[in-house]
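S.K.: Let me give you the structure first, and then I'll get to my questions.
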Number of protein chains: 2
Amino acid sequence: MTAQPFPVSEIVAAQRPHRKDAARNYDALIAAAREAFAENGAEASLEDIARRAGVGIGTLYRNFPTRRHLFESVYAGEVNDLCRVAEEVADREPWEALTSWLRRFVDYTVTKRAIREAMDDESDIFLACRESMYQAGGPLFERAQKAGEARTDMGFDDLVRMVAGITATNFLDDAQRDLVLTVALDGVRTRTV
Amino acid sequence: MTAQPFPVSEIVAAQRPHRKDAARNYDALIAAAREAFAENGAEASLEDIARRAGVGIGTLYRNFPTRRHLFESVYAGEVNDLCRVAEEVADREPWEALTSWLRRFVDYTVTKRAIREAMDDESDIFLACRESMYQAGGPLFERAQKAGEARTDMGFDDLVRMVAGITATNFLDDAQRDLVLTVALDGVRTRTV
DNA sequence: ACTGTAACGGAGGCAACCCTCCGCTTCAAC
DNA sequence: GTTGAAGCGGAGGGTTGCCTCCGTTACAGT
C-alpha cells in the first residue's frame, strides 16, 4: 500500500466494490450523482440518480446507505482531484500558483450548488476533506503571503469561503464569474502602495 | 396617490387586503414566510409557513395563489426596504456611502439562502425589483467611480452579484462574513498606486 | 461446468407536501 | 341589529420521494 499524501484519498479508494458489475454500477452512480447534485443541489432525488445511472434504487441504497454517504463520496472525489491540482501548480510563481488553483476550484467544482452547505458539515469525511484542502491549498496561500503578495490579515479558511461563495453563485455567464473572481482576488492581493 | 420613487414600492403596497382580519393574516404570512425562507431557502414548506402564521393553508393560497407569488412579495418587501436605505446613506462620502449600503444589504437580507436563485428570475416583479435596486444603488456606485474610488472595469450588476454571493454563503460567524466582505470590497476599490 | 454468495431491481408501504373545495365564521355597510 | 359578501380553515385526493424487503440474476472460485 503506497503512502497517500492526503487523508481524503484513502476514503475515495476504500469504497469501490470488487466485483465487476458492482464496480461498474458504483462508478455510474457517482457520475449520475455528480450530474444531479450539480443540477439540483444536494436535495436531488435519489430515485432520479438511480434512473440516470441505469440501476435500481436498491443498488443505490446498497452502495450508499444514506443520502449523506452518496454526497460525501462525490464530494470527496472532487476534493481529491483538487488536491492533485495543487501539486501541479506548485512550481509556479507564488501568486500565480495560488490564483490558478483557486480558479480551478471555481471551474471544476461541479457540486457548486451543494458546496455551500457542505462547508458547515462536521462529519468525519467532511473534516478529512477540509484537512486535505488545507494541506493542499494552505501552503500555496502561505507562500504568497511570505512573498509579500497576499494580505496577512486573513486566513486560508476565509479565502476558501470567499471563493466558495463565488463558486456557488449564479452568474450571467462564465465571463462574469471570472471577472468577479478577479475583483475579489485583487482584494486579497497586497497593496503595492 | 403620492409619486413612488421606486417601481417596486407600488407592488408592495398593492397586495395588502382591506378587511381587518385579512390584513392581519396577510402580515402574519409575510412574516412567517420571511422566517421560513431564511431558514430553509425558497423551497420552504407552504404548510409550515401557514402553521407559523397561525392561519389555515387555504388562507395562504387565497393571498398567494402560488409559491412564487408569496416569495415575490417577501422579496419585494426586502428590496423596497433596501431602496430606502440607499436614500439614507446618500449624503455620506462616496466610498462610505456605497460600502455601508452594501453592508446593509448583506446584514439585512434575510432571504439569504433564496436570493441566489432570485437573481436569475425574469418575471415582471423580479425585473421591477432589479430595476429598483439599480435606481437605488447604481448612483452610489457611479459616484464612487467618478470620485476615483471604485474601479471602472466592472459594472453594478457584477458588484451586486459578488455581494449577493457573499450574502448567501455560510460563514463561521458574522465577523468572518464581514472580513470576507471587506476583502472583496477592497478588490473593488481603486488602487492608490 | 457447478455452485454458493454477492449483487441486482423494483414493488410497495410510508410520509411529506401540494393544492382544491366547500361549509362555517367574521366583518363592515347600512 | 341585520345581512350579504368576503374571508376562514382544514379535510382529502393526488403526487413525489424515501427506504425496505425479497425473489431473481450474475459473478468468480473450484
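Letters A, B, ... go to the chains of the C-alpha cells in the order shown; residues in each chain start at 1; ligands are counted from 1 in the same order.
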What's the 12 Å shell around DG23 (chain C), counting only C-alpha atoms (C1' of nucleotides), without same-chain residues fewer than 3 positions away, as a list in words?
M.R.: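 Returned residues: DC8, DG9, DG10 and DA11 of chain D.
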S.K.: Please write the residues from the selection above to a file, keeping C-alpha atoms (C1' of nucleotides), as a PDB file, in the first residue's frame.
M.R.:
ATOM      1  C1'  DC D   8     -61.513  31.464   7.006  1.00  0.00           C
ATOM      2  C1'  DG D   9     -59.730  26.629   7.936  1.00  0.00           C
ATOM      3  C1'  DG D  10     -58.678  22.105   7.112  1.00  0.00           C
ATOM      4  C1'  DA D  11     -60.215  17.614   5.157  1.00  0.00           C
TER       5       DA D  11
END
S.K.: Compile the contact shell of Thr190 (chain A) as a PyMOL selection string: residues with an atom at most 6 Å away, counting only C-alpha atoms (C1' of nucleotides), same-chain residues fewer than 4 positions apart removed.
M.R.: chain A and resi 149-151
S.K.: Only N, CA and C atoms, please: the residues just picked out, written as a CSV table (one decimal), in the first residue's frame.
M.R.:
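The resulting file, part_22.csv, is reproduced below:
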chain,number,residue,atom,x,y,z
A,149,GLU,N,2.8,39.0,-1.4
A,149,GLU,CA,1.8,39.2,-2.4
A,149,GLU,C,0.3,39.1,-1.9
A,150,ALA,N,0.2,38.4,-0.8
A,150,ALA,CA,-1.2,38.2,-0.3
A,150,ALA,C,-1.3,38.8,1.1
A,151,ARG,N,-2.4,39.4,1.4
A,151,ARG,CA,-2.6,40.1,2.7
A,151,ARG,C,-2.5,39.1,3.8
S.K.: Using only C-alpha atoms, I'd like every residue of chain A that has an atom within 7 Å of chain B; please write them out as a list in words.
M.R.: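 For chain A, the answer reads Arg116, Asp158, Met162, Gly165, Ile166, Thr169, Asn170, Gln176, Val180, Val183, Ala184, Leu185, Asp186, Gly187, Val188, Thr192 and Val193 of chain A.
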S.K.: Could those selected residues go to a file with N, CA and C atoms, as a PDB file, in the first residue's frame?
M.R.:
ATOM      1  N   ARG A 116     -21.801  24.876  -0.643  1.00  0.00           N
ATOM      2  CA  ARG A 116     -22.018  25.846   0.410  1.00  0.00           C
ATOM      3  C   ARG A 116     -22.483  25.154   1.694  1.00  0.00           C
ATOM      4  N   ASP A 158     -10.831  31.810   5.498  1.00  0.00           N
ATOM      5  CA  ASP A 158     -11.565  32.962   4.981  1.00  0.00           C
ATOM      6  C   ASP A 158     -11.520  32.992   3.453  1.00  0.00           C
ATOM      7  N   MET A 162     -14.622  32.592   0.791  1.00  0.00           N
ATOM      8  CA  MET A 162     -14.894  33.656  -0.177  1.00  0.00           C
ATOM      9  C   MET A 162     -15.027  33.073  -1.579  1.00  0.00           C
ATOM     10  N   GLY A 165     -18.120  30.978  -2.014  1.00  0.00           N
ATOM     11  CA  GLY A 165     -19.304  31.810  -2.212  1.00  0.00           C
ATOM     12  C   GLY A 165     -19.461  32.204  -3.659  1.00  0.00           C
ATOM     13  N   ILE A 166     -18.372  32.587  -4.288  1.00  0.00           N
ATOM     14  CA  ILE A 166     -18.431  32.970  -5.702  1.00  0.00           C
ATOM     15  C   ILE A 166     -18.711  31.749  -6.565  1.00  0.00           C
ATOM     16  N   THR A 169     -22.468  30.907  -6.575  1.00  0.00           N
ATOM     17  CA  THR A 169     -23.413  31.929  -7.034  1.00  0.00           C
ATOM     18  C   THR A 169     -23.674  31.803  -8.531  1.00  0.00           C
ATOM     19  N   ASN A 170     -24.908  32.105  -8.902  1.00  0.00           N
ATOM     20  CA  ASN A 170     -25.250  32.116 -10.323  1.00  0.00           C
ATOM     21  C   ASN A 170     -24.801  33.424 -10.969  1.00  0.00           C
ATOM     22  N   GLN A 176     -18.586  36.550 -16.528  1.00  0.00           N
ATOM     23  CA  GLN A 176     -18.916  37.387 -15.369  1.00  0.00           C
ATOM     24  C   GLN A 176     -18.364  36.770 -14.091  1.00  0.00           C
ATOM     25  N   VAL A 180     -15.696  38.662 -11.558  1.00  0.00           N
ATOM     26  CA  VAL A 180     -15.950  38.848 -10.129  1.00  0.00           C
ATOM     27  C   VAL A 180     -14.863  38.174  -9.300  1.00  0.00           C
ATOM     28  N   VAL A 183     -11.835  40.385  -9.327  1.00  0.00           N
ATOM     29  CA  VAL A 183     -12.003  41.533  -8.441  1.00  0.00           C
ATOM     30  C   VAL A 183     -11.766  41.117  -6.989  1.00  0.00           C
ATOM     31  N   ALA A 184     -12.418  40.027  -6.602  1.00  0.00           N
ATOM     32  CA  ALA A 184     -12.301  39.583  -5.213  1.00  0.00           C
ATOM     33  C   ALA A 184     -10.857  39.210  -4.885  1.00  0.00           C
ATOM     34  N   LEU A 185     -10.185  38.544  -5.821  1.00  0.00           N
ATOM     35  CA  LEU A 185      -8.791  38.161  -5.571  1.00  0.00           C
ATOM     36  C   LEU A 185      -7.887  39.382  -5.530  1.00  0.00           C
ATOM     37  N   ASP A 186      -8.240  40.424  -6.268  1.00  0.00           N
ATOM     38  CA  ASP A 186      -7.489  41.678  -6.148  1.00  0.00           C
ATOM     39  C   ASP A 186      -7.556  42.206  -4.724  1.00  0.00           C
ATOM     40  N   GLY A 187      -8.680  41.927  -4.063  1.00  0.00           N
ATOM     41  CA  GLY A 187      -8.804  42.352  -2.673  1.00  0.00           C
ATOM     42  C   GLY A 187      -7.888  41.569  -1.745  1.00  0.00           C
ATOM     43  N   VAL A 188      -7.554  40.357  -2.176  1.00  0.00           N
ATOM     44  CA  VAL A 188      -6.663  39.516  -1.363  1.00  0.00           C
ATOM     45  C   VAL A 188      -5.205  39.930  -1.554  1.00  0.00           C
ATOM     46  N   THR A 192       0.268  47.544  -3.442  1.00  0.00           N
ATOM     47  CA  THR A 192       1.640  47.944  -3.774  1.00  0.00           C
ATOM     48  C   THR A 192       1.805  49.446  -3.584  1.00  0.00           C
ATOM     49  N   VAL A 193       1.380  49.898  -2.397  1.00  0.00           N
ATOM     50  CA  VAL A 193       1.443  51.350  -2.120  1.00  0.00           C
ATOM     51  C   VAL A 193       2.886  51.792  -1.998  1.00  0.00           C
TER      52      VAL A 193
END
S.K.: Using only C-alpha atoms (C1' of nucleotides), determine which residues lie at most 8 Å from region 124-139 of chain A, disregarding the query and same-chain residues fewer than 3 positions distant; provide the list as a list in words.
M.R.: Phe6, Pro7, Val8, Ile11, Glu72, Ala76, Val79, Asn80, Leu82, Cys83, Ala86, Glu87, Leu98, Trp101, Ala118, Asp121, Glu142, Arg143 and Phe156 of chain A
S.K.: With N, CA and C atoms retained, could you export that selection as a tab-separated table (two decimals), in the first residue's frame?
M.R.:
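Now in part36.tsv:
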chain	number	residue	atom	x	y	z
A	6	PHE	N	-2.82	12.63	0.97
A	6	PHE	CA	-3.96	13.33	1.55
A	6	PHE	C	-4.92	12.34	2.23
A	7	PRO	N	-5.43	12.72	3.38
A	7	PRO	CA	-6.36	11.83	4.10
A	7	PRO	C	-7.53	11.39	3.24
A	8	VAL	N	-8.02	12.31	2.41
A	8	VAL	CA	-9.23	12.01	1.67
A	8	VAL	C	-9.03	10.94	0.61
A	11	ILE	N	-10.06	7.50	1.68
A	11	ILE	CA	-11.51	7.36	1.72
A	11	ILE	C	-12.06	7.10	0.33
A	72	GLU	N	-21.17	12.53	0.27
A	72	GLU	CA	-19.80	12.55	0.76
A	72	GLU	C	-18.84	11.93	-0.25
A	76	ALA	N	-15.90	13.96	-1.81
A	76	ALA	CA	-14.53	13.53	-1.54
A	76	ALA	C	-13.76	13.35	-2.85
A	79	VAL	N	-12.71	16.79	-4.02
A	79	VAL	CA	-11.64	17.32	-3.18
A	79	VAL	C	-10.32	16.64	-3.54
A	80	ASN	N	-10.40	15.35	-3.72
A	80	ASN	CA	-9.20	14.60	-4.07
A	80	ASN	C	-8.59	15.13	-5.37
A	82	LEU	N	-8.92	18.08	-6.60
A	82	LEU	CA	-8.39	19.43	-6.37
A	82	LEU	C	-7.03	19.38	-5.69
A	83	CYS	N	-6.85	18.40	-4.82
A	83	CYS	CA	-5.56	18.25	-4.15
A	83	CYS	C	-4.48	17.96	-5.18
A	86	ALA	N	-3.38	21.07	-6.92
A	86	ALA	CA	-2.49	21.91	-6.11
A	86	ALA	C	-1.03	21.48	-6.30
A	87	GLU	N	-0.81	20.19	-6.45
A	87	GLU	CA	0.55	19.71	-6.68
A	87	GLU	C	1.06	20.16	-8.05
A	98	LEU	N	-1.25	30.28	-6.53
A	98	LEU	CA	-2.45	30.38	-5.70
A	98	LEU	C	-3.70	30.65	-6.53
A	101	TRP	N	-4.86	27.87	-8.87
A	101	TRP	CA	-5.53	26.80	-8.12
A	101	TRP	C	-6.96	27.21	-7.77
A	118	ALA	N	-22.03	22.11	2.44
A	118	ALA	CA	-21.00	21.18	2.91
A	118	ALA	C	-19.98	21.88	3.81
A	121	ASP	N	-20.55	21.18	7.49
A	121	ASP	CA	-20.76	19.81	7.94
A	121	ASP	C	-19.58	19.38	8.81
A	142	GLU	N	0.16	30.49	2.01
A	142	GLU	CA	1.23	30.96	2.89
A	142	GLU	C	2.45	31.43	2.10
A	143	ARG	N	2.71	30.71	1.03
A	143	ARG	CA	3.85	31.10	0.20
A	143	ARG	C	3.61	32.48	-0.41
A	156	PHE	N	-6.55	31.19	5.58
A	156	PHE	CA	-6.89	30.37	4.42
A	156	PHE	C	-8.38	30.02	4.41
S.K.: Name all residues at most 9 Å from region 28-32 of chain B (count only C-alpha atoms (C1' of nucleotides); drop same-chain ones fewer than 4 positions away) and give them as a ChimeraX atom specification.
M.R.: /B:23-24,36-37,48-55,60,63,70-71,73-74
S.K.: Starting from chain C, keep only residues with some atom at most 10 Å from an atom of chain A, counting only C-alpha atoms (C1' of nucleotides), and report them as a list in words.
M.R.: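 Taking only C-alpha atoms (C1' of nucleotides) into account, DA6, DA7, DC8, DG9 and DG10 of chain C sit within 10 Å of chain A.
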S.K.: Among the residues of region 66-186 of chain A, find those DSSP assigns to alpha helix (DSSP H) from the backbone and print them as a PyMOL selection string.
M.R.: chain A and resi 67-88+94-108+112-118+124-146+156-168+174-186
S.K.: One decimal, Å: what's the distance from C1' of DC14 (chain C) over to C1' of DG14 (chain D), could you say?
M.R.: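 That distance, rounded to one decimal, is 15.5 Å.
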S.K.: Report the distance between CA of Glu47 (chain A) and C1' of DA26 (chain D) in Å, rounded to one decimal place.
M.R.: 23.3 Å
S.K.: Rounded to one decimal in Å, what is the spacing between CA of Ala44 (chain A) and CA of Ser123 (chain B)?
M.R.: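 For CA of Ala44 (chain A) relative to CA of Ser123 (chain B), the distance reads 24.9 Å.
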S.K.: Neighbouring residues of DC2 (chain C) were defined as those with any atom within 12 Å, considering only C-alpha atoms (C1' of nucleotides); residues of the same chain fewer than 3 positions away were excluded. Please report them as a PyMOL selection string.
M.R.: chain D and resi 28-30
S.K.: So that I have them on file, write out the residues from the current selection with N, CA and C atoms (P, O5', C5', C4', C3', O3' and C1' of nucleotides), as a PDB file, in the first residue's frame.
M.R.:
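Full text of again-v5.pdb as output:
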ATOM      1  P    DA D  28     -16.198 -11.100 -11.335  1.00  0.00           P
ATOM      2  O5'  DA D  28     -15.709 -12.348 -10.451  1.00  0.00           O
ATOM      3  C5'  DA D  28     -16.082 -12.415  -9.087  1.00  0.00           C
ATOM      4  C4'  DA D  28     -15.662 -13.768  -8.503  1.00  0.00           C
ATOM      5  C3'  DA D  28     -14.321 -14.304  -8.994  1.00  0.00           C
ATOM      6  O3'  DA D  28     -13.778 -15.093  -7.939  1.00  0.00           O
ATOM      7  C1'  DA D  28     -15.959 -15.830  -9.523  1.00  0.00           C
ATOM      8  P    DG D  29     -12.234 -15.036  -7.619  1.00  0.00           P
ATOM      9  O5'  DG D  29     -12.055 -16.273  -6.627  1.00  0.00           O
ATOM     10  C5'  DG D  29     -13.088 -16.552  -5.670  1.00  0.00           C
ATOM     11  C4'  DG D  29     -13.281 -18.050  -5.534  1.00  0.00           C
ATOM     12  C3'  DG D  29     -12.007 -18.884  -5.702  1.00  0.00           C
ATOM     13  O3'  DG D  29     -12.036 -19.928  -4.713  1.00  0.00           O
ATOM     14  C1'  DG D  29     -13.613 -19.605  -7.259  1.00  0.00           C
ATOM     15  P    DT D  30     -10.804 -20.992  -4.635  1.00  0.00           P
ATOM     16  O5'  DT D  30     -11.418 -22.318  -5.214  1.00  0.00           O
ATOM     17  C5'  DT D  30     -12.612 -22.869  -4.632  1.00  0.00           C
ATOM     18  C4'  DT D  30     -13.073 -24.054  -5.455  1.00  0.00           C
ATOM     19  C3'  DT D  30     -11.990 -25.092  -5.734  1.00  0.00           C
ATOM     20  O3'  DT D  30     -12.444 -26.382  -5.353  1.00  0.00           O
ATOM     21  C1'  DT D  30     -13.110 -24.524  -7.727  1.00  0.00           C
TER      22       DT D  30
END
S.K.: Nearest residue to chain D out of A:Ala114, A:Ala13, A:Asn25, A:Tyr61, using only C-alpha atoms (C1' of nucleotides)?
M.R.: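 Closest residue, counting only C-alpha atoms (C1' of nucleotides): A:Tyr61.
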S.K.: Go through C:DT3, C:DG12, C:DC19, C:DA29 and flag the residue nearest DA5 (chain D), using only C-alpha atoms (C1' of nucleotides) for the distances.
M.R.: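 Between C:DT3, C:DG12, C:DC19, C:DA29, the residue approaching DA5 (chain D) most closely is C:DA29.
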S.K.: Chain D residues within 10 Å of chain A, counting only C-alpha atoms (C1' of nucleotides): which ones, as a ChimeraX atom specification?
M.R.: /D:16-21,26-28
